[in-house]
Amino acid sequence: MSEPASPEHTGRQANKRGAARLAAVQALYQMDVAGSGLLEITAEYEAFRLGKEVDGALYREADAQWFRAILAGVVENQKSVDPVIRQALTEDWPLSRLDSTLRAILRAGVYELMKRPDVPVAVIVSEYVDIAKAFYVEDEPKLVNAVLDRVSRRVRGEGRGRDA
């Protein structure tokens, strides 16, 4: 019952920080679409979603402190995070053209790259690309990888410089 959905999502995907990142992306999406506030959405997720069953789907147990840190960090730093994302996007793809889920993934990933130097770039990029793969099957995971790689080179001076 608790087996991973596919072999490529073993290990990393099941960790509590990974679950917190996914929940934070979902919460950011919900805030963007429904206009919910930070305190309201944080309380809802902690009370009813993290590690709980919702509509027959079991949410993984997540690191609640990590979830709160990402969510609050993105909200508090959005005025500095969004311009960094805009710089990493091509001119024909402005931030406003991206759907809410993709914006949430990029905001969370860029926030961690900018404000969490204790977390390795490879972990951040890999985790958010995996999240993108959970929502998209087309080019969006490649876009997330490219944007986070550009940002990591600019902000931290490290990154692959090309898609793997």
# chains A, B, ... in the order shown; residues from 1 in each chain; ligands from 1
call {"tool": "select_by_dssp", "arguments": {"residues": "stretch 15-146 of chain A", "states": "alpha helix (DSSP H)", "output": "PyMOL selection string"}}
result
chain A and resi 16-34+38-48+64-88+100-115+121-135+140-146
call {"tool": "closest_atom_pairs", "arguments": {"of": "stretch 77-131 of chain A", "to": "stretch 141-146 of chain A", "cutoff": "7 Å", "atoms": "only C-alpha atoms", "output": "CSV"}}
result
residue,atom,partner,partner_atom,distance
A:Leu106,CA,A:Val144,CA,6.6
A:Val125,CA,A:Asn145,CA,6.4
A:Val129,CA,A:Pro141,CA,5.3
call {"tool": "residues_around", "arguments": {"residues": "A:Arg116", "least_positions_apart": "5", "cutoff": "12 Å", "atoms": "only C-alpha atoms", "output": "PyMOL selection string"}}
result
chain A and resi 66+69-70+73-74+108-111+121+123-124+152+155-156
call {"tool": "select_by_dssp", "arguments": {"residues": "stretch 48-137 of chain A", "states": "strand (DSSP E or B)", "output": "list in words"}}
result
Glu53, Val54, Ala57 and Leu58 of chain A
call {"tool": "atom_distance", "arguments": {"atom1": "atom CA of A:Ala62", "atom2": "atom CA of A:Glu158"}}
result
28.2 Å
call {"tool": "closest_residue", "arguments": {"among": "A:Ile131, A:Ala72, A:Ala64, A:Ala20", "to": "A:Leu38", "atoms": "only C-alpha atoms"}}
result
A:Ala72
call {"tool": "closest_residue", "arguments": {"among": "A:Arg107, A:Arg17, A:Arg154, A:Arg68", "to": "A:Ser80", "atoms": "only C-alpha atoms"}}
result
A:Arg107
call {"tool": "residues_around", "arguments": {"residues": "A:Leu89", "least_positions_apart": "6", "cutoff": "12 Å", "atoms": "only C-alpha atoms", "output": "list in words"}}
result
Asp82, Pro83, Leu95, Ser96, Arg97, Leu98, Arg103, Leu106, Leu143, Val144, Asn145, Ala146, Val147, Leu148, Asp149, Arg150 and Val151 of chain A
call {"tool": "closest_residue", "arguments": {"among": "A:Asp118, A:Asp139, A:Tyr29, A:Phe48", "to": "A:Asp99", "atoms": "only C-alpha atoms"}}
result
A:Tyr29
